[in-house]
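Some notes on the structure that comes next.
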Amino acid sequence: MRSETGLTGSVVQFPGRAAGQIGFERAELQRILDLYGRMVAAGEWRDYAMDFDKHAATFSAFRRTAERPQTRIEKRPSMRNKQGMWTLFGEHGQTLKRGQDLANVLAPVERRLMKSVDD
């Protein structure tokens, strides 16, 4: 498609330029938000935040807005071939689970949800 000036209307990316930030894929975000919705319904979580930078994408879930996150889920693709790109952190920053599969990393939170629903 040429304009009257003779220039084409396509956008060309700079060669060798890496993405500016890491993000969640649609299916990953759907899985995380599904868990978030169930935790809200159970009264465990009330707010969330997402952070995206060039190294990692982070989903943080809060019991109360003004507190530190109760749970933090981090996607760090640079760790894919080492310990797994998914990490589940606890309230005090401790690593609860690492792995390649998001479902396996979310398993401790799922178990806590099932336990709170049964009580």
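Each chain of the structure tokens is named A, B, ... in the order shown, its residues numbered from 1; ligands are numbered from 1 in display order.
Residues in contact range of segment 76-86 of chain A, defined as at most 6 Å between only C-alpha atoms, with sequence neighbours fewer than 2 positions away removed, read Ala56, Glu74, Arg98, Gly99 and Gln100 of chain A.
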With only C-alpha atoms as the counted atoms, please give the residues lying no more than 10 Å from segment 27-37 of chain A, apart from itself and same-chain residues fewer than 3 positions off, as number ranges by chain. A: 23-24, 40-48, 59-61, 73, 75, 102-103, 106, 109-110, 113
When you look at segment 51-54 of chain A with a cut-off of 8 Å (counting only C-alpha atoms), what residues show up, excluding the ones that are within fewer than 6 positions of it in the same chain? I need them as an MDAnalysis selection string. chainID A and resid 19:23
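Interatomic distance, atom CA of Glu25 of chain A to atom CA of Lys115 of chain A: 28.9 Å.
The closest residue to Arg112 of chain A, picked from A:Arg26, A:Met39, A:Arg72, A:Ala49 and counting only C-alpha atoms, is A:Met39.
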Applying 12 Å and only C-alpha atoms, which residues near Gln94 of chain A remain after dropping the ones on its own chain fewer than 6 positions away? List them as a ChimeraX atom specification. /A:69-73,87-88
Atomic distance atom CA of Met114 of chain A - atom CA of Ala57 of chain A, expressed in Å with one decimal: 26.5 Å
Which residue, A:Asp101, A:Phe89, A:Ala107, A:Arg38, has the smallest gap to Thr58 of chain A when you use only C-alpha atoms? A:Phe89
Could you go through segment 4-119 of chain A and tell me which residues DSSP, when run on the backbone, assigns to strand (DSSP E or B), listing them as a PDB file with N, CA and C atoms, in the first residue's frame?
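Final file, result.pdb:
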ATOM      1  N   THR A   8       5.527   3.520   2.131  1.00  0.00           N
ATOM      2  CA  THR A   8       4.618   2.443   2.529  1.00  0.00           C
ATOM      3  C   THR A   8       4.094   2.708   3.927  1.00  0.00           C
ATOM      4  N   ASP A  47      -7.756  -7.532  47.412  1.00  0.00           N
ATOM      5  CA  ASP A  47      -7.201  -6.622  46.415  1.00  0.00           C
ATOM      6  C   ASP A  47      -6.027  -7.301  45.729  1.00  0.00           C
ATOM      7  N   TYR A  48      -5.652  -6.784  44.571  1.00  0.00           N
ATOM      8  CA  TYR A  48      -4.484  -7.322  43.871  1.00  0.00           C
ATOM      9  C   TYR A  48      -3.756  -6.203  43.142  1.00  0.00           C
ATOM     10  N   ALA A  49      -2.526  -6.500  42.770  1.00  0.00           N
ATOM     11  CA  ALA A  49      -1.716  -5.567  41.981  1.00  0.00           C
ATOM     12  C   ALA A  49      -0.885  -6.381  41.005  1.00  0.00           C
ATOM     13  N   MET A  50      -0.612  -5.790  39.855  1.00  0.00           N
ATOM     14  CA  MET A  50       0.259  -6.428  38.876  1.00  0.00           C
ATOM     15  C   MET A  50       1.397  -5.469  38.555  1.00  0.00           C
ATOM     16  N   ASP A  51       2.584  -6.038  38.382  1.00  0.00           N
ATOM     17  CA  ASP A  51       3.759  -5.245  38.061  1.00  0.00           C
ATOM     18  C   ASP A  51       4.482  -5.919  36.903  1.00  0.00           C
ATOM     19  N   PHE A  52       4.863  -5.127  35.923  1.00  0.00           N
ATOM     20  CA  PHE A  52       5.541  -5.653  34.743  1.00  0.00           C
ATOM     21  C   PHE A  52       6.816  -4.855  34.517  1.00  0.00           C
ATOM     22  N   ALA A  57       7.166 -10.524  35.463  1.00  0.00           N
ATOM     23  CA  ALA A  57       5.779 -10.089  35.624  1.00  0.00           C
ATOM     24  C   ALA A  57       5.317 -10.630  36.980  1.00  0.00           C
ATOM     25  N   THR A  58       4.690  -9.787  37.778  1.00  0.00           N
ATOM     26  CA  THR A  58       4.320 -10.166  39.141  1.00  0.00           C
ATOM     27  C   THR A  58       2.847  -9.880  39.391  1.00  0.00           C
ATOM     28  N   PHE A  59       2.174 -10.854  40.017  1.00  0.00           N
ATOM     29  CA  PHE A  59       0.798 -10.695  40.483  1.00  0.00           C
ATOM     30  C   PHE A  59       0.843 -10.813  41.997  1.00  0.00           C
ATOM     31  N   SER A  60       0.385  -9.783  42.695  1.00  0.00           N
ATOM     32  CA  SER A  60       0.376  -9.778  44.160  1.00  0.00           C
ATOM     33  C   SER A  60      -1.063  -9.728  44.652  1.00  0.00           C
ATOM     34  N   ALA A  61      -1.384 -10.574  45.625  1.00  0.00           N
ATOM     35  CA  ALA A  61      -2.725 -10.613  46.207  1.00  0.00           C
ATOM     36  C   ALA A  61      -2.650 -10.168  47.665  1.00  0.00           C
ATOM     37  N   PHE A  62      -3.582  -9.287  48.048  1.00  0.00           N
ATOM     38  CA  PHE A  62      -3.575  -8.692  49.375  1.00  0.00           C
ATOM     39  C   PHE A  62      -4.819  -9.078  50.163  1.00  0.00           C
ATOM     40  N   THR A  71       0.256 -13.160  49.088  1.00  0.00           N
ATOM     41  CA  THR A  71       0.823 -14.097  48.110  1.00  0.00           C
ATOM     42  C   THR A  71       1.308 -13.301  46.908  1.00  0.00           C
ATOM     43  N   ARG A  72       2.442 -13.735  46.361  1.00  0.00           N
ATOM     44  CA  ARG A  72       2.979 -13.107  45.164  1.00  0.00           C
ATOM     45  C   ARG A  72       3.352 -14.200  44.168  1.00  0.00           C
ATOM     46  N   ILE A  73       2.883 -14.065  42.937  1.00  0.00           N
ATOM     47  CA  ILE A  73       3.169 -15.022  41.874  1.00  0.00           C
ATOM     48  C   ILE A  73       4.039 -14.292  40.857  1.00  0.00           C
ATOM     49  N   GLU A  74       5.195 -14.870  40.569  1.00  0.00           N
ATOM     50  CA  GLU A  74       6.145 -14.198  39.684  1.00  0.00           C
ATOM     51  C   GLU A  74       6.492 -15.073  38.492  1.00  0.00           C
ATOM     52  N   LYS A  75       6.477 -14.473  37.323  1.00  0.00           N
ATOM     53  CA  LYS A  75       6.898 -15.132  36.089  1.00  0.00           C
ATOM     54  C   LYS A  75       8.216 -14.493  35.668  1.00  0.00           C
ATOM     55  N   TRP A  86       8.215 -19.929  37.045  1.00  0.00           N
ATOM     56  CA  TRP A  86       7.148 -19.523  37.972  1.00  0.00           C
ATOM     57  C   TRP A  86       7.629 -19.683  39.405  1.00  0.00           C
ATOM     58  N   THR A  87       7.335 -18.676  40.233  1.00  0.00           N
ATOM     59  CA  THR A  87       7.675 -18.728  41.655  1.00  0.00           C
ATOM     60  C   THR A  87       6.485 -18.216  42.456  1.00  0.00           C
ATOM     61  N   LEU A  88       6.185 -18.927  43.541  1.00  0.00           N
ATOM     62  CA  LEU A  88       5.141 -18.522  44.481  1.00  0.00           C
ATOM     63  C   LEU A  88       5.830 -18.074  45.759  1.00  0.00           C
ATOM     64  N   PHE A  89       5.596 -16.825  46.154  1.00  0.00           N
ATOM     65  CA  PHE A  89       6.182 -16.267  47.364  1.00  0.00           C
ATOM     66  C   PHE A  89       5.108 -16.112  48.423  1.00  0.00           C
ATOM     67  N   THR A  95      10.135 -18.197  49.557  1.00  0.00           N
ATOM     68  CA  THR A  95       9.769 -18.939  48.356  1.00  0.00           C
ATOM     69  C   THR A  95       9.013 -20.198  48.777  1.00  0.00           C
ATOM     70  N   LEU A  96       7.760 -20.310  48.354  1.00  0.00           N
ATOM     71  CA  LEU A  96       6.944 -21.469  48.703  1.00  0.00           C
ATOM     72  C   LEU A  96       7.041 -22.565  47.653  1.00  0.00           C
ATOM     73  N   LYS A  97       7.143 -22.179  46.380  1.00  0.00           N
ATOM     74  CA  LYS A  97       7.176 -23.187  45.313  1.00  0.00           C
ATOM     75  C   LYS A  97       7.749 -22.569  44.052  1.00  0.00           C
ATOM     76  N   ARG A  98       8.512 -23.364  43.311  1.00  0.00           N
ATOM     77  CA  ARG A  98       9.048 -22.968  42.007  1.00  0.00           C
ATOM     78  C   ARG A  98       8.715 -24.063  41.017  1.00  0.00           C
ATOM     79  N   GLY A  99       8.628 -23.704  39.744  1.00  0.00           N
ATOM     80  CA  GLY A  99       8.394 -24.735  38.750  1.00  0.00           C
ATOM     81  C   GLY A  99       8.147 -24.184  37.363  1.00  0.00           C
TER      82      GLY A  99
END
